[in-house]
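Everything below belongs to query11.txt, which stores compact mmCIF, C-alpha atoms.
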```
# COMPACT_ATOMS: atom_id res chain seq x y z
CA MET A 3 -66.21 -12.12 50.77
CA ALA A 4 -67.98 -13.63 47.76
CA THR A 5 -71.51 -14.98 47.45
CA VAL A 6 -71.25 -18.38 45.77
CA LEU A 7 -74.24 -20.18 44.28
CA ILE A 8 -73.75 -23.98 44.29
CA VAL A 9 -76.01 -25.80 41.81
CA ASP A 10 -75.69 -29.59 42.16
CA ASP A 11 -78.12 -32.48 42.63
CA ASP A 12 -75.66 -34.27 44.95
CA ALA A 13 -76.62 -33.17 48.49
CA ALA A 14 -73.36 -34.38 50.05
CA LEU A 15 -71.27 -32.46 47.53
CA ARG A 16 -73.38 -29.30 48.01
CA GLU A 17 -72.93 -29.43 51.77
CA GLY A 18 -69.21 -30.17 51.52
CA LEU A 19 -68.59 -27.23 49.17
CA ALA A 20 -70.75 -24.96 51.34
CA GLU A 21 -68.77 -25.86 54.46
CA ALA A 22 -65.45 -25.26 52.72
CA LEU A 23 -66.64 -21.91 51.37
CA ALA A 24 -67.87 -20.80 54.78
CA ASP A 25 -64.52 -21.74 56.34
CA LEU A 26 -62.81 -19.59 53.70
CA GLY A 27 -65.02 -16.63 54.69
CA HIS A 28 -67.49 -16.75 51.79
CA SER A 29 -71.28 -16.97 51.72
CA PRO A 30 -72.73 -20.07 50.01
CA ARG A 31 -76.18 -20.50 48.46
CA LEU A 32 -77.50 -23.96 47.61
CA ALA A 33 -79.69 -25.19 44.74
CA ALA A 34 -80.53 -28.84 43.97
CA SER A 35 -81.44 -28.38 40.29
CA GLY A 36 -80.92 -26.12 37.35
CA ARG A 37 -84.33 -24.50 37.78
CA GLU A 38 -83.70 -23.83 41.48
CA GLY A 39 -80.34 -22.36 40.58
CA LEU A 40 -81.81 -19.95 38.03
CA ALA A 41 -84.46 -18.91 40.55
CA ALA A 42 -81.79 -18.24 43.19
CA LEU A 43 -79.64 -16.16 40.87
CA ASP A 44 -79.64 -12.42 41.53
CA GLY A 45 -77.27 -9.47 41.43
CA GLU A 46 -75.62 -10.44 44.73
CA VAL A 47 -74.21 -13.73 43.39
CA ASP A 48 -70.50 -13.36 42.55
CA VAL A 49 -69.88 -16.82 41.09
CA VAL A 50 -71.83 -19.98 40.24
CA LEU A 51 -70.47 -23.50 40.80
CA LEU A 52 -72.54 -25.55 38.36
CA ASP A 53 -72.81 -29.32 38.05
CA LEU A 54 -72.82 -30.57 34.47
CA ARG A 55 -75.08 -33.61 34.82
CA MET A 56 -78.38 -32.98 36.62
CA PRO A 57 -81.83 -34.57 36.36
CA GLY A 58 -85.06 -32.68 35.78
CA GLY A 59 -84.85 -31.90 32.08
CA MET A 60 -82.27 -29.10 32.41
CA ASP A 61 -78.62 -30.08 32.44
CA GLY A 62 -75.68 -27.87 33.30
CA ILE A 63 -75.03 -26.83 29.69
CA GLU A 64 -78.55 -25.43 29.36
CA VAL A 65 -78.28 -23.65 32.72
CA LEU A 66 -74.95 -22.17 31.64
CA ARG A 67 -76.47 -20.96 28.37
CA ARG A 68 -79.32 -19.22 30.22
CA ILE A 69 -77.03 -17.62 32.81
CA ARG A 70 -74.62 -16.26 30.19
CA ALA A 71 -77.54 -14.76 28.27
CA ARG A 72 -78.17 -12.39 31.19
CA THR A 73 -76.70 -8.90 31.02
CA ASP A 74 -75.33 -9.11 34.58
CA ALA A 75 -74.15 -12.72 34.36
CA PRO A 76 -71.64 -13.73 37.07
CA PRO A 77 -68.73 -16.07 36.25
CA VAL A 78 -69.81 -19.71 35.99
CA VAL A 79 -67.50 -22.60 36.87
CA VAL A 80 -68.66 -25.96 35.54
CA LEU A 81 -67.97 -28.99 37.77
CA THR A 82 -68.22 -32.54 36.47
CA ALA A 83 -67.14 -36.02 37.43
CA PHE A 84 -67.23 -37.02 33.76
CA ALA A 85 -64.93 -34.56 32.01
CA SER A 86 -64.53 -35.08 28.28
CA ALA A 87 -63.14 -33.08 25.39
CA ALA A 88 -66.67 -32.47 24.08
CA ASN A 89 -68.21 -31.11 27.29
CA THR A 90 -65.09 -29.09 28.13
CA ILE A 91 -65.06 -27.41 24.73
CA GLU A 92 -68.81 -26.77 24.78
CA ALA A 93 -68.73 -25.29 28.29
CA MET A 94 -65.88 -22.93 27.44
CA ARG A 95 -67.53 -21.99 24.13
CA LEU A 96 -70.71 -21.01 25.93
CA GLY A 97 -68.86 -18.78 28.37
CA ALA A 98 -67.79 -20.82 31.39
CA PHE A 99 -65.04 -19.17 33.41
CA ASP A 100 -63.47 -22.58 34.00
CA HIS A 101 -64.25 -26.30 33.72
CA LEU A 102 -63.07 -28.43 36.67
CA SER A 103 -63.24 -32.12 37.51
CA LYS A 104 -64.79 -33.37 40.73
CA PRO A 105 -63.88 -33.70 43.50
CA ILE A 106 -62.61 -30.19 44.12
CA GLY A 107 -60.45 -29.72 47.22
CA ARG A 108 -60.27 -26.79 49.60
CA ALA A 109 -56.96 -25.51 48.19
CA GLU A 110 -58.28 -25.72 44.63
CA LEU A 111 -61.46 -23.93 45.69
CA LYS A 112 -59.45 -21.17 47.35
CA ASP A 113 -57.29 -20.76 44.24
CA LEU A 114 -60.40 -20.63 42.06
CA LEU A 115 -61.96 -17.83 44.11
CA CYS A 116 -58.69 -15.88 44.02
CA ARG A 117 -58.70 -16.08 40.22
CA LEU A 118 -62.20 -14.67 39.87
CA PRO A 119 -62.32 -11.44 37.84
CA GLU A 120 -63.20 -8.11 39.31
CA ARG A 121 -66.94 -7.46 39.04
CA MET A 122 -67.82 -4.24 37.24
CA PRO A 123 -71.22 -2.78 36.39
CA MET A 124 -71.94 -3.71 32.80
CA VAL A 125 -72.29 -0.76 30.48
CA SER A 126 -72.68 -0.67 26.76
CA GLY A 127 -69.57 -0.29 24.69
CA PRO A 128 -68.66 2.93 22.95
CA ASP A 129 -70.94 4.07 20.15
CA ALA A 130 -67.99 4.44 17.80
CA ASP A 131 -68.15 2.99 14.31
CA THR A 132 -66.80 -0.55 14.51
CA GLU A 133 -65.33 -0.34 11.03
CA ASP A 134 -61.59 0.20 10.90
CA GLY A 135 -60.66 3.84 10.42
CA LEU A 136 -58.11 6.49 11.30
CA ILE A 137 -58.63 6.42 15.05
CA GLY A 138 -56.65 8.75 17.25
CA SER A 139 -56.53 12.39 18.25
CA SER A 140 -52.85 12.68 19.19
CA ALA A 141 -50.87 15.51 17.62
CA PRO A 142 -49.06 13.18 15.16
CA MET A 143 -52.33 11.63 13.98
CA ARG A 144 -53.98 15.03 13.72
CA SER A 145 -51.20 16.02 11.33
CA VAL A 146 -51.89 12.93 9.21
CA GLN A 147 -55.62 13.66 9.17
CA LYS A 148 -55.02 17.27 8.13
CA ALA A 149 -52.71 16.16 5.33
CA ILE A 150 -55.38 13.77 4.07
CA GLY A 151 -57.91 16.59 4.03
CA LEU A 152 -55.59 18.83 2.04
CA ALA A 153 -54.69 16.14 -0.52
CA ALA A 154 -58.01 14.29 -0.86
CA ASP A 155 -59.46 16.28 -3.78
CA SER A 156 -56.20 16.51 -5.69
CA ASN A 157 -55.17 14.23 -8.54
CA ALA A 158 -51.54 14.35 -7.40
CA ILE A 159 -49.70 11.17 -6.52
CA VAL A 160 -49.45 10.56 -2.77
CA LEU A 161 -46.62 8.57 -1.20
CA ILE A 162 -47.52 7.10 2.19
CA LEU A 163 -44.60 6.15 4.43
CA GLY A 164 -44.78 4.16 7.64
CA GLU A 165 -43.62 1.06 9.44
CA THR A 166 -45.39 -2.23 8.96
CA GLY A 167 -48.72 -2.26 10.79
CA THR A 168 -49.21 1.52 11.04
CA GLY A 169 -52.26 1.57 8.75
CA LYS A 170 -51.00 2.75 5.38
CA GLU A 171 -53.95 1.28 3.49
CA LEU A 172 -56.36 3.01 5.87
CA VAL A 173 -54.78 6.34 4.92
CA ALA A 174 -55.08 5.46 1.23
CA ARG A 175 -58.75 4.59 1.66
CA ALA A 176 -59.35 7.83 3.57
CA LEU A 177 -57.83 9.79 0.69
CA HIS A 178 -60.28 8.02 -1.60
CA VAL A 179 -63.50 8.22 0.41
CA HIS A 180 -62.99 11.87 1.38
CA GLY A 181 -62.04 12.99 -2.12
CA LYS A 182 -63.88 13.79 -5.32
CA ARG A 183 -63.24 10.27 -6.62
CA LYS A 184 -65.16 8.57 -3.81
CA ASP A 185 -67.85 7.28 -6.21
CA GLY A 186 -65.19 5.51 -8.28
CA PRO A 187 -63.50 2.20 -7.45
CA PHE A 188 -60.69 1.75 -4.93
CA VAL A 189 -58.28 -0.91 -6.19
CA ALA A 190 -55.44 -2.12 -3.96
CA VAL A 191 -52.44 -4.07 -5.26
CA ASN A 192 -49.72 -5.44 -2.97
CA CYS A 193 -46.61 -5.23 -5.12
CA ALA A 194 -44.65 -7.51 -2.78
CA ALA A 195 -47.21 -10.32 -2.82
CA ILE A 196 -47.44 -10.81 -6.62
CA PRO A 197 -44.78 -12.83 -8.45
CA GLU A 198 -42.54 -10.71 -10.67
CA ASP A 199 -43.64 -12.43 -13.89
CA LEU A 200 -47.32 -11.75 -13.13
CA LEU A 201 -47.08 -8.19 -11.83
CA GLU A 202 -47.16 -6.52 -15.26
CA SER A 203 -50.33 -8.37 -16.22
CA GLU A 204 -51.85 -7.61 -12.80
CA LEU A 205 -51.27 -3.88 -13.23
CA PHE A 206 -51.57 -3.29 -16.97
CA GLY A 207 -53.71 -6.22 -18.09
CA HIS A 208 -53.20 -8.45 -21.10
CA VAL A 209 -54.91 -9.59 -24.27
CA LYS A 210 -56.08 -13.10 -24.96
CA GLY A 211 -53.31 -15.35 -26.23
CA SER A 212 -50.47 -12.98 -25.33
CA PHE A 213 -48.82 -15.68 -23.21
CA THR A 214 -49.47 -19.22 -22.04
CA GLY A 215 -52.50 -19.20 -19.79
CA ALA A 216 -53.96 -15.92 -21.12
CA THR A 217 -57.30 -17.45 -22.09
CA ALA A 218 -59.19 -14.14 -22.01
CA ASP A 219 -58.57 -10.41 -22.07
CA ARG A 220 -57.80 -8.78 -18.71
CA ALA A 221 -58.18 -5.09 -17.99
CA GLY A 222 -55.60 -4.84 -15.19
CA ALA A 223 -55.59 -2.72 -12.04
CA PHE A 224 -54.94 0.63 -13.76
CA ARG A 225 -58.05 0.30 -15.90
CA ASP A 226 -60.08 -1.30 -13.09
CA ALA A 227 -59.39 1.86 -11.05
CA ALA A 228 -60.63 4.24 -13.76
CA ASN A 229 -62.21 7.39 -12.24
CA GLY A 230 -61.11 6.10 -8.86
CA THR A 231 -57.95 5.34 -6.89
CA LEU A 232 -55.22 2.78 -7.48
CA PHE A 233 -53.31 1.93 -4.31
CA LEU A 234 -49.86 0.45 -4.93
CA ASP A 235 -48.88 -1.01 -1.57
CA GLU A 236 -45.24 -1.89 -0.80
CA ILE A 237 -44.01 -0.24 -3.98
CA GLY A 238 -40.49 -0.31 -2.52
CA ASP A 239 -40.44 -4.06 -3.23
CA MET A 240 -41.27 -3.65 -6.92
CA PRO A 241 -38.63 -5.13 -9.29
CA LEU A 242 -36.44 -2.58 -11.10
CA ALA A 243 -37.63 -3.69 -14.55
CA MET A 244 -41.24 -3.05 -13.55
CA GLN A 245 -40.37 0.33 -12.06
CA ALA A 246 -39.49 1.69 -15.52
CA LYS A 247 -42.93 0.75 -16.84
CA ILE A 248 -44.68 2.25 -13.83
CA LEU A 249 -42.70 5.47 -14.31
CA ARG A 250 -43.95 5.77 -17.90
CA ALA A 251 -47.54 5.07 -16.81
CA LEU A 252 -47.35 7.80 -14.16
CA GLN A 253 -45.70 10.37 -16.42
CA GLU A 254 -47.78 9.86 -19.55
CA GLN A 255 -50.95 8.35 -18.05
CA VAL A 256 -50.64 5.62 -20.66
CA ILE A 257 -50.36 1.87 -20.07
CA THR A 258 -49.64 -0.96 -22.49
CA PRO A 259 -51.36 -4.29 -21.76
CA VAL A 260 -49.22 -7.37 -22.34
CA GLY A 261 -49.59 -8.17 -26.04
CA GLY A 262 -51.81 -5.13 -26.62
CA LYS A 263 -51.74 -1.49 -27.68
CA PRO A 264 -51.25 1.56 -25.45
CA VAL A 265 -54.37 2.92 -23.72
CA ARG A 266 -54.90 5.96 -21.54
CA THR A 267 -55.61 5.73 -17.83
CA ASN A 268 -57.03 8.30 -15.45
CA ALA A 269 -56.68 6.42 -12.16
CA ARG A 270 -55.30 8.44 -9.28
CA VAL A 271 -52.26 6.66 -7.86
CA VAL A 272 -51.50 6.40 -4.16
CA ALA A 273 -48.36 4.44 -3.25
CA ALA A 274 -47.09 3.18 0.09
CA THR A 275 -43.98 1.55 1.50
CA HIS A 276 -42.36 0.72 4.83
CA ARG A 277 -38.91 1.05 3.25
CA ASP A 278 -36.62 4.09 2.98
CA LEU A 279 -36.95 4.86 -0.74
CA ALA A 280 -34.41 7.69 -0.64
CA ARG A 281 -31.77 5.32 0.76
CA LEU A 282 -32.71 2.60 -1.74
CA ALA A 283 -32.48 5.09 -4.59
CA ALA A 284 -29.04 6.23 -3.44
CA ALA A 285 -27.92 2.59 -3.32
CA GLY A 286 -29.27 1.89 -6.81
CA GLU A 287 -31.94 -0.51 -5.51
CA PHE A 288 -34.83 1.77 -6.51
CA ARG A 289 -35.10 4.04 -9.54
CA GLU A 290 -34.26 7.60 -8.53
CA ASP A 291 -36.53 9.10 -11.20
CA LEU A 292 -39.47 6.99 -10.00
CA TYR A 293 -38.80 8.02 -6.41
CA TYR A 294 -39.04 11.71 -7.32
CA ARG A 295 -42.17 11.05 -9.43
CA LEU A 296 -43.86 9.32 -6.51
CA ASN A 297 -42.78 11.82 -3.89
CA VAL A 298 -45.19 14.60 -4.88
CA VAL A 299 -47.27 14.61 -1.71
CA GLN A 300 -45.79 12.65 1.19
CA ILE A 301 -47.75 11.50 4.22
CA ALA A 302 -45.71 9.85 6.97
CA ILE A 303 -47.64 7.78 9.51
CA PRO A 304 -46.06 7.81 12.98
CA PRO A 305 -45.41 4.49 14.72
CA LEU A 306 -47.68 3.69 17.65
CA ARG A 307 -44.84 4.18 20.15
CA ASP A 308 -44.78 7.86 19.12
CA ARG A 309 -48.49 8.36 19.74
CA THR A 310 -49.19 6.57 22.99
CA GLY A 311 -52.21 8.81 23.59
CA ASP A 312 -54.00 6.85 20.85
CA ILE A 313 -53.48 3.43 22.45
CA LEU A 314 -56.59 3.59 24.66
CA PRO A 315 -58.98 4.88 21.94
CA LEU A 316 -57.68 2.21 19.57
CA THR A 317 -58.12 -0.44 22.24
CA GLN A 318 -61.70 0.65 22.93
CA HIS A 319 -62.38 0.50 19.20
CA PHE A 320 -61.08 -3.06 18.95
CA LEU A 321 -63.08 -4.09 22.04
CA ALA A 322 -66.23 -2.61 20.48
CA ARG A 323 -65.52 -4.40 17.23
CA GLY A 324 -65.24 -7.67 19.14
CA ALA A 325 -68.60 -7.03 20.81
CA ALA A 326 -70.17 -6.23 17.43
CA SER A 327 -69.23 -9.73 16.25
CA GLY A 328 -71.54 -11.23 18.85
CA SER A 329 -69.40 -11.60 21.98
CA ARG A 330 -69.93 -9.71 25.23
CA TYR A 331 -68.32 -6.30 25.54
CA LYS A 332 -65.21 -6.52 27.71
CA HIS A 333 -63.51 -3.89 29.82
CA LEU A 334 -59.86 -3.25 30.63
CA SER A 335 -58.63 -3.03 34.18
CA LYS A 336 -56.38 -0.08 35.04
CA ALA A 337 -53.39 -2.42 35.33
CA ALA A 338 -54.10 -3.77 31.84
CA VAL A 339 -54.24 -0.24 30.43
CA ASP A 340 -50.92 0.55 32.10
CA LYS A 341 -49.36 -2.54 30.54
CA LEU A 342 -50.61 -1.57 27.08
CA GLN A 343 -49.18 1.91 27.43
CA ARG A 344 -45.78 0.63 28.59
CA HIS A 345 -45.30 -1.72 25.62
CA SER A 346 -43.21 -0.44 22.70
CA TRP A 347 -45.51 -1.95 19.99
CA PRO A 348 -42.95 -2.93 17.34
CA GLY A 349 -45.86 -4.28 15.28
CA ASN A 350 -47.76 -0.99 15.66
CA VAL A 351 -51.57 -0.87 15.40
CA ARG A 352 -51.76 -4.31 13.79
CA GLU A 353 -50.01 -5.80 16.82
CA LEU A 354 -52.33 -3.97 19.22
CA ARG A 355 -55.38 -5.21 17.31
CA ASN A 356 -54.14 -8.80 17.48
CA VAL A 357 -53.30 -8.55 21.19
CA ILE A 358 -56.79 -7.24 22.03
CA GLU A 359 -58.50 -9.77 19.79
CA ARG A 360 -56.54 -12.57 21.45
CA ALA A 361 -57.43 -11.24 24.92
CA CYS A 362 -61.13 -11.05 24.03
CA ILE A 363 -61.12 -14.66 22.82
CA MET A 364 -59.01 -16.20 25.57
CA THR A 365 -60.33 -14.20 28.56
CA ARG A 366 -63.52 -15.61 29.97
CA ALA A 367 -64.06 -12.73 32.41
CA ASP A 368 -65.74 -9.48 31.43
CA VAL A 369 -62.71 -7.58 32.71
CA ILE A 370 -59.39 -8.01 30.92
CA GLY A 371 -56.48 -7.90 33.36
CA PRO A 372 -52.74 -7.43 32.78
CA ASP A 373 -52.11 -11.18 32.72
CA ASP A 374 -54.56 -11.44 29.81
CA ILE A 375 -52.48 -9.01 27.71
CA ASP A 376 -49.91 -11.16 25.89
CA THR A 377 -47.21 -9.10 24.19
CA SER A 378 -44.53 -11.78 24.37
CA ALA A 379 -44.64 -12.57 20.65
CA ASN A 380 -42.50 -9.51 19.86
CA GLU A 381 -40.16 -9.60 22.83
CA ILE A 382 -36.46 -10.42 22.40
CA PRO A 383 -35.86 -14.01 23.56
CA THR A 384 -34.35 -14.17 27.04
CA ASP A 385 -31.66 -16.60 25.86
CA ILE A 386 -30.40 -13.82 23.56
CA ALA A 387 -30.81 -10.98 26.01
CA ALA A 388 -28.97 -12.85 28.76
CA SER A 389 -26.43 -14.54 26.53
CA ASP A 390 -22.75 -14.48 27.49
CA ALA A 391 -21.75 -14.87 23.84
CA ASP A 392 -19.91 -12.14 21.99
CA LEU A 393 -21.79 -9.53 19.96
CA PRO A 394 -21.47 -11.20 16.51
CA ALA A 395 -22.82 -14.47 17.91
CA ALA A 396 -25.71 -12.72 19.66
CA VAL A 397 -26.59 -10.79 16.50
CA ALA A 398 -26.50 -14.01 14.47
CA GLN A 399 -28.83 -15.72 16.95
CA LEU A 400 -31.24 -12.77 16.85
CA GLU A 401 -31.19 -12.77 13.04
CA LYS A 402 -31.96 -16.49 12.95
CA THR A 403 -34.82 -16.13 15.44
CA MET A 404 -36.40 -13.23 13.56
CA ILE A 405 -36.14 -15.05 10.21
CA ILE A 406 -37.78 -18.16 11.67
CA ARG A 407 -40.62 -16.07 13.09
CA ALA A 408 -41.12 -14.21 9.81
CA LEU A 409 -41.17 -17.43 7.79
CA ASP A 410 -43.59 -19.00 10.24
CA ALA A 411 -45.90 -15.97 10.10
CA CYS A 412 -45.87 -16.07 6.28
CA ALA A 413 -46.28 -19.86 5.96
CA GLY A 414 -42.84 -20.08 4.38
CA ASN A 415 -43.39 -17.41 1.71
CA ARG A 416 -39.93 -15.87 1.34
CA THR A 417 -41.10 -12.76 -0.53
CA GLU A 418 -43.53 -11.83 2.23
CA ALA A 419 -41.01 -12.76 4.94
CA ALA A 420 -38.38 -10.52 3.33
CA ARG A 421 -40.88 -7.67 3.22
CA ARG A 422 -41.64 -8.09 6.92
CA LEU A 423 -37.92 -8.08 7.70
CA ASN A 424 -37.27 -5.06 5.44
CA ILE A 425 -34.61 -6.84 3.38
CA ASN A 426 -34.59 -8.07 -0.22
CA ARG A 427 -35.42 -11.69 -0.95
CA GLN A 428 -31.94 -12.65 -2.16
CA LEU A 429 -30.39 -11.42 1.10
CA LEU A 430 -33.01 -13.38 3.03
CA TYR A 431 -32.18 -16.56 1.09
CA THR A 432 -28.46 -16.04 1.68
CA LYS A 433 -29.03 -15.73 5.44
CA MET A 434 -31.35 -18.75 5.41
CA GLN A 435 -28.58 -20.82 3.82
CA ARG A 436 -26.09 -19.51 6.38
CA TYR A 437 -28.32 -20.54 9.29
CA GLY A 438 -29.51 -23.80 7.75
CA LEU A 439 -33.12 -22.63 7.38
CA VAL A 440 -33.79 -23.45 3.72
CA GLU A 441 -35.27 -26.83 4.62
CA VAL A 442 -37.46 -25.19 7.28
CA SER A 443 -38.88 -22.78 4.72
CA GLU A 444 -39.55 -25.57 2.23
CA LYS A 445 -41.42 -27.59 4.85
CA LEU A 446 -43.57 -24.60 5.79
CA THR A 447 -44.34 -23.90 2.14
CA ASP A 448 -45.17 -27.56 1.44
CA GLY A 449 -47.70 -27.33 4.27
CA VAL A 450 -49.79 -24.84 2.34
CA GLY A 451 -49.22 -26.40 -1.04
CA LYS A 452 -47.35 -23.58 -2.76
CA ASP A 453 -43.92 -22.06 -3.18
CA ASP A 454 -43.01 -18.46 -3.87
CA ASP A 455 -39.81 -19.35 -5.80
```
Entire entry expressed as structure tokens:
Amino acid sequence: MATVLIVDDDAALREGLAEALADLGHSPRLAASGREGLAALDGEVDVVLLDLRMPGGMDGIEVLRRIRARTDAPPVVVLTAFASAANTIEAMRLGAFDHLSKPIGRAELKDLLCRLPERMPMVSGPDADTEDGLIGSSAPMRSVQKAIGLAADSNAIVLILGETGTGKELVARALHVHGKRKDGPFVAVNCAAIPEDLLESELFGHVKGSFTGATADRAGAFRDAANGTLFLDEIGDMPLAMQAKILRALQEQVITPVGGKPVRTNARVVAATHRDLARLAAAGEFREDLYYRLNVVQIAIPPLRDRTGDILPLTQHFLARGAASGSRYKHLSKAAVDKLQRHSWPGNVRELRNVIERACIMTRADVIGPDDIDTSANEIPTDIAASDADLPAAVAQLEKTMIIRALDACAGNRTEAARRLNINRQLLYTKMQRYGLVEVSEKLTDGVGKDDD
């Protein structure tokens, strides 16, 4: 049985709702104005049915704002006979559980009360640092943390391996901040995101006038990271021609700016990739000598599916981070926790972070339930899973679906989409032509006003 506070200036509507609630086995309380409603609100009220338009200088929006400012605020359902986009958006923004149009029938009222979240005593969120870090105490993550501690003070090159979304840059930053170079700069360069003809200038710098558009000298990432750490992310996607120049820079600690003279560099290099460099080297797609030069100290980050014990601590961290941004701290129901731990997390920690962030935004209740946890974005489409087609046709359909999703996620950028799919860009383009997706990619790219080709 729920205690329902009805705040409405229409006496007939108040009495009608009260009668319906009593018939359903609930206990109604009545208030004829916003001020009466606030005065009647206490810890026993489970839900508030709040009229939007009321006289007396305090409308429903202001009452909603004051209720949601309370630490023990119950869910508030806004009722109005004059629903509009503006008042619906504002009510939901301020924390309404739902926004319904009058009149509300008995069946709708019953459904509403069944949807109410579980009430839990509000407690403060965890005192953990809300900055992203290496969260987790599972055995695989403990091994990563120990390896970081052993390698932090060294000048040796570190190669970080791990699937997309596992947190490779977090490991690189931990190596920096826990090492003797922590007072120096940390410079990160995504080798897959920079066009091939600009990558050399990005890394090594250039002198004024060395090429069209070089209107001033540029130091480049190696010199920017002097006395600090240079993080070369997704080095497995670096063009072969550039790999030879990187190899020389690593071996001799000398770089040559475009159009300039050789200069020494003392940046510590940390590289990362989600690709299998040993396999690429064997296939001639990555320089074998560079692979061995990079593979001095290797740190492999386990995928989230191999460290399920870290799912709950990571989730609590993301919930706390959401609360730190100004929203109320939310809790997970046991069923929601079970659902998180059953998921395979193909997108790893990045996927978990996005799922929790989405749940915090889209869930009005203070308790996140299993239905609020949306992991469907990475599930295999049911039309593929249940298809009666032969294997080649099913594989082709899956390939097409994954390419469309990758292109959509990257706004049509083929280089970034290829990186997400763990294939080279030429192979991606070939498959796009096969499945008739070239026009789709061009439309997506036109939408953001750029092209990666």
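Closest approach to A:Leu114 among A:Ala4, A:Gly438, A:Pro315, A:Gly164 is made by A:Ala4 (distances from only C-alpha atoms).
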- If we count only C-alpha atoms, what is near stretch 96-108 of chain A at a cut-off of 7 Å, once residues fewer than 2 positions away on the same chain are taken out, given as a list in words? Ala22, Arg67, Arg70, Pro77, Val78, Val79, Val80, Leu81, Thr82, Ala83, Ala85, Thr90, Glu92, Ala93, Met94, Glu110, Leu111, Lys112, Arg366 and Ala367 of chain A
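Using all atoms listed in the file, the shortest contact distance between A:Val173 and any of A:Ala228, A:Ile303, A:Met240, A:Leu249 is found at A:Ile303.
Closest approach to A:Ile137 among A:Glu64, A:Asp312, A:Asp11, A:Glu202 is made by A:Asp312 (distances from all atoms listed in the file).
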- Task: Record the distance separating atom CA of A:Pro142 and atom CA of A:Thr168, expressed in Å with one decimal.
- Result: 12.4 Å
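In this model, the gap between atom CA of A:Ser346 and atom CA of A:Ile358 comes to 15.2 Å.
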Is it possible to get the axis-aligned box enclosing stretch 406-423 of chain A (all listed atoms, 6 Å extra per side) as lines of an AutoDock Vina configuration file, with centre and edge lengths in Å rounded to one decimal?
```
center_x = -42.0
center_y = -13.9
center_z = 6.3
size_x = 20.5
size_y = 24.4
size_z = 25.6
```
Quick one: residues within 8 Å of stretch 37-40 of chain A, all atoms listed in the file, excluding same-chain residues fewer than 6 positions away - as a compact mmCIF listing (two decimals) with C-alpha atoms, in the frame of the given file?
```txt
# COMPACT_ATOMS: atom_id res chain seq x y z
CA LEU A 7 -74.24 -20.18 44.28
CA ILE A 8 -73.75 -23.98 44.29
CA VAL A 9 -76.01 -25.80 41.81
CA MET A 60 -82.27 -29.10 32.41
CA VAL A 65 -78.28 -23.65 32.72
CA ILE A 69 -77.03 -17.62 32.81
```
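Between atom CA of A:Gly311 and atom CA of A:Lys341 there is a distance of 13.6 Å.
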- Item | Neighbour list for A:Leu354 as JSON, numbers by chain, cut-off 10 Å, only C-alpha atoms, skip fewer than 3 positions in-chain | {"A": [167, 306, 313, 316, 317, 320, 342, 345, 347, 348, 349, 350, 351, 357, 358, 359, 360, 375, 377]}
- Item | Protein, DNA and RNA residues within 10 Å of (-65.8, -21.8, 51.8), all atoms listed in the file, as JSON, numbers by chain | {"A": [3, 4, 5, 6, 18, 19, 20, 21, 22, 23, 24, 25, 26, 27, 28, 29, 30, 108, 111, 112, 115]}
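Each of A:Val299, A:Asp410, A:His319, A:Ala33 was compared to A:Leu136 using all atoms listed in the file, and A:His319 turns out to be the nearest.
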How close does each residue of stretch 121-230 of chain A get to stretch 250-262 of chain A, giving the shortest atom pair and distance in Å to one decimal for every residue with an atom at most 7 Å away, counting only C-alpha atoms, sorted by chain and residue number, as JSON lines?
```
{"residue": "A:Ser203", "atom": "CA", "partner": "A:Val260", "partner_atom": "CA", "distance": 6.3}
{"residue": "A:Phe206", "atom": "CA", "partner": "A:Pro259", "partner_atom": "CA", "distance": 4.9}
{"residue": "A:Gly207", "atom": "CA", "partner": "A:Pro259", "partner_atom": "CA", "distance": 4.8}
{"residue": "A:His208", "atom": "CA", "partner": "A:Val260", "partner_atom": "CA", "distance": 4.3}
{"residue": "A:Val209", "atom": "CA", "partner": "A:Gly261", "partner_atom": "CA", "distance": 5.8}
{"residue": "A:Ser212", "atom": "CA", "partner": "A:Gly261", "partner_atom": "CA", "distance": 4.9}
```
Dump C-alpha atoms for the selected residues as a PDB file, in the coordinates of the input?
```
ATOM      1  CA  SER A 203     -50.330  -8.370 -16.220  1.00  0.00           C
ATOM      2  CA  PHE A 206     -51.570  -3.290 -16.970  1.00  0.00           C
ATOM      3  CA  GLY A 207     -53.710  -6.220 -18.090  1.00  0.00           C
ATOM      4  CA  HIS A 208     -53.200  -8.450 -21.100  1.00  0.00           C
ATOM      5  CA  VAL A 209     -54.910  -9.590 -24.270  1.00  0.00           C
ATOM      6  CA  SER A 212     -50.470 -12.980 -25.330  1.00  0.00           C
TER       7      SER A 212
END
```
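With distances restricted to all atoms listed in the file, A:Asp239 is the closest residue to A:Cys193 from A:Asp219, A:Asp44, A:Asp239, A:Glu165.
Closest approach to A:Arg277 among A:Arg421, A:Arg407, A:Arg427, A:Arg323 is made by A:Arg421 (distances from only C-alpha atoms).
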- Message: Give me, as JSON, numbers by chain, all polymer residues having an atom no more than 10 Å from A:Ala420, counting all atoms listed in the file and skipping those fewer than 3 positions away in the same chain.
- Response: {"A": [194, 239, 405, 408, 409, 412, 415, 416, 417, 423, 424, 425, 426, 427, 428, 429, 430, 431]}
- Considering all atoms listed in the file, return as number ranges by chain whatever protein or nucleic-acid residues lie within 10 Å of A:Leu172, sequence-local ones (same chain, fewer than 4 positions apart) excluded. A: 134-136, 168, 176-178
- Message: Around the point (-61.3, 3.0, -9.6) (coordinates from the file), which residues reach within 8 Å if we count all atoms listed in the file? Answer as a VMD selection string.
- Response: chain A and resid 186 to 189 224 to 232 269
